[in-house]
Every structure is written in C-alpha cells, then in structure tokens.
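A.B. asks: This is the structure I have questions about; it appears just below.
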Amino acid sequence: MPPSSASPYPRPQQALLDTRYQVETPEGIDLALRPAGLVPRALAFTIDLLIRGAILAIVYLVLGLFGQMGTGLATIALFLVTWWYMVLFEVLNQGRSPGKQLLGLRVVHDDGTPIGWPASITRNLLRFVDLLPFAYTLGIISCLSNRAFKRLGDIAAGTLVVYREQPIERPDVPEAEALPAPFVLDFAEQRAVLAFAERGAGLSTARRAELAGILAEPLQVDASQAEQRINGIARGLLGPT
C-alpha cells in the first residue's frame, strides 16, 4: 500500500492567541479583563508626563517670584507631583490618570477590584526599578514577556492595566407597542427583525416597505401593516425599557 500522507494520530490543536485575563469574583462570576499592551500604556504615560511637566512649569514660574522661599516650595511641589500624581488619580478616580482616561484604560487589582492605596503606592514607587538601566528598559522587557503585559511594579503590587469596559447600549428602535412573535424565533430570525427596526430610520420609505414585505410572509404579518407590526415584535424582543 502506498504510504499515506495523513498521520494516524490526531494533531494537537494550537491554542489561539487570546490576551484576555480571566478572573473569578468571590460571588463566582467569571470576568474577562482585557490587559492593555505596551503601546497604549506608553501613550498614556506620555500624556501624563506632559501634564505633569506643564503643572511644574507653572508652579516654578509662579513660586520663582518669591525668591528662596518660592524655590523651596517649588521643590516640595516637584516631589509631590512626581510621586503622588499617579497615586492620587488612580485611587480617587477609579484607577484612571488623565492619560489613562483619554486612552480608555484603568488600573485594577488582579481580581478586577478597584485599586487601593497600598497597591497604587507600591506600583508607582517601583517605577524607578522599571526605569533601569535607562528609558524603561526593564519595564519594557517585563511588559513584552508577560501575558498580561505587567511591568515589574504591577507584578509586585498585584495590579493590571486594562481597557475600561464600555457600557452596552440598547438598540435604538422606533416607538411601538410591544408585540409577541407569532412563533418562537431562532437567533438569526431575531437578529433580522431587530436589524430592520434599528436601521429603519436610515432607509427610504420605499426601501423600508420592500424589506418589511420580505419579512412579512415568514412572520405571518399582514403586508399592509408589516412595518408597524415588525417594529412591535422588535420592541417585544427587547423587553421592557
């Protein structure tokens, strides 16, 4: 018999690349967090660096008018802005510094809970380690070698920088009396009805009538009242608002 090219043993399946971070809450609910990679984190940090630079420039210009006392106060301001800017925003603004907020990021504990004072202070104090030997070398290496893109400060503090989840918006369908479907609709049929209702406002009258006519027969809807009835079924599928 000629040798077969097919192996008699099943080939192991390769795991798909998935950067989601799965955690389970104390209530037993599974959460899928999306860790932020090196580029968005670097952009957020750059924005925060520019903001801090602007704050310090203004402080030094103003306090510089008061001689040696102003210089001393400016030095204190330099310490506070350098070491407490990130901590205060992360703890008091749901894990979001201005830079992270603009990029849609936030810092959380590994279990998905909001970051607290100890964790925020730890991750930010250890930032000087990530800076070594220069230009965030250790931090970059750590981010690129960690599945959750953690720098050393995040590993020590047990924190993650994740994308902020956007609230799910309900589809915008025309006002109509909620009606039950004439029979149980499968997922594809429900999606077709909802798609018609959602997109109806952007279609011409003729196009809406054409599409309503296509849906009328399988939905057992009178063609003359198809559009209103389909919108009612769509409203019924969405449930109470």
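If you're wondering about the labels, chains in the structure tokens are A, B, ... by order shown, residues count from 1 in each chain, ligands from 1 in order shown.
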Please report, as number ranges by chain, each residue of range 10-143 of chain A to which DSSP assigns alpha helix (DSSP H) when run on this structure's backbone.
C.D. replies: A: 38-63, 67-92, 98-103, 117-125, 127-131, 137-143
A.B. asks: DSSP on the backbone: which residues in range 28-216 of chain A end up as strand (DSSP E or B)? Give the answer as a PyMOL selection string.
C.D. replies: chain A and resi 30-33+35+105-109+114+159-163
A.B. asks: Could I get the residues of range 86-182 of chain A with an atom no further than 10 Å from an atom of range 75-81 of chain A, each paired with its nearest atom pair and that distance in Å to one decimal, using only C-alpha atoms, sorted by chain and residue number, as a Markdown table?
C.D. replies:
```
| residue | atom | partner | partner_atom | distance |
| --- | --- | --- | --- | --- |
| A:Met86 | CA | A:Val81 | CA | 8.3 |
| A:Val87 | CA | A:Val81 | CA | 9.9 |
| A:Leu88 | CA | A:Val81 | CA | 9.9 |
```
A.B. asks: Go ahead and save the picked residues with C-alpha atoms, as a PDB file, in the first residue's frame.
C.D. replies:
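Once everything was written out, this is out.pdb:
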```
ATOM      1  CA  MET A  86      -0.366  58.909  39.662  1.00  0.00           C
ATOM      2  CA  VAL A  87      -1.324  57.569  43.102  1.00  0.00           C
ATOM      3  CA  LEU A  88      -3.985  60.182  43.780  1.00  0.00           C
TER       4      LEU A  88
END
```
A.B. asks: If we count only C-alpha atoms, what is near range 209-219 of chain A at a cut-off of 9 Å, once residues fewer than 5 positions away on the same chain are taken out, given as a list in words?
C.D. replies: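 Skipping anything fewer than 5 positions along the chain leaves Ala181, Pro182, Phe183, Ala192, Val193, Phe196, Ser204, Ser224, Gln225, Ala226, Glu227, Arg229 and Ile230 of chain A.
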A.B. asks: Can I get the selected residues back with N, CA and C atoms, as a CSV table (one decimal), in the first residue's frame?
C.D. replies:
```csv
chain,number,residue,atom,x,y,z
A,181,ALA,N,-44.0,37.6,19.1
A,181,ALA,CA,-43.8,37.0,17.8
A,181,ALA,C,-44.8,35.9,17.6
A,182,PRO,N,-45.2,35.6,16.3
A,182,PRO,CA,-46.3,34.6,16.1
A,182,PRO,C,-45.8,33.2,16.4
A,183,PHE,N,-44.5,33.0,16.5
A,183,PHE,CA,-43.9,31.7,16.8
A,183,PHE,C,-42.5,32.0,17.4
A,192,ALA,N,-32.6,39.4,12.4
A,192,ALA,CA,-33.2,40.1,11.2
A,192,ALA,C,-34.3,41.1,11.6
A,193,VAL,N,-35.1,40.7,12.5
A,193,VAL,CA,-36.2,41.6,13.0
A,193,VAL,C,-35.6,42.9,13.6
A,196,PHE,N,-33.8,45.2,11.1
A,196,PHE,CA,-34.8,46.1,10.4
A,196,PHE,C,-35.2,47.3,11.2
A,204,SER,N,-34.9,54.7,3.1
A,204,SER,CA,-36.0,55.4,2.5
A,204,SER,C,-37.3,54.7,2.7
A,224,SER,N,-49.9,45.0,4.6
A,224,SER,CA,-50.2,46.4,4.7
A,224,SER,C,-49.8,47.1,6.1
A,225,GLN,N,-49.6,46.3,7.1
A,225,GLN,CA,-49.2,46.8,8.4
A,225,GLN,C,-47.9,46.2,8.8
A,226,ALA,N,-47.1,45.7,7.8
A,226,ALA,CA,-45.9,44.9,8.1
A,226,ALA,C,-44.9,45.8,8.9
A,227,GLU,N,-44.6,47.0,8.5
A,227,GLU,CA,-43.6,47.8,9.2
A,227,GLU,C,-43.9,48.0,10.7
A,229,ARG,N,-46.0,46.3,12.6
A,229,ARG,CA,-46.0,45.1,13.3
A,229,ARG,C,-44.6,44.5,13.6
A,230,ILE,N,-43.7,44.7,12.6
A,230,ILE,CA,-42.3,44.2,12.8
A,230,ILE,C,-41.6,45.0,13.9
```
A.B. asks: Please list as a ChimeraX atom specification every residue within 12 Å of Ala42 in chain A, counting only C-alpha atoms and excluding residues in the same chain fewer than 4 positions away.
C.D. replies: /A:36-38,46-49,99-100,103,105,135-136,139-140,143,149,151,161
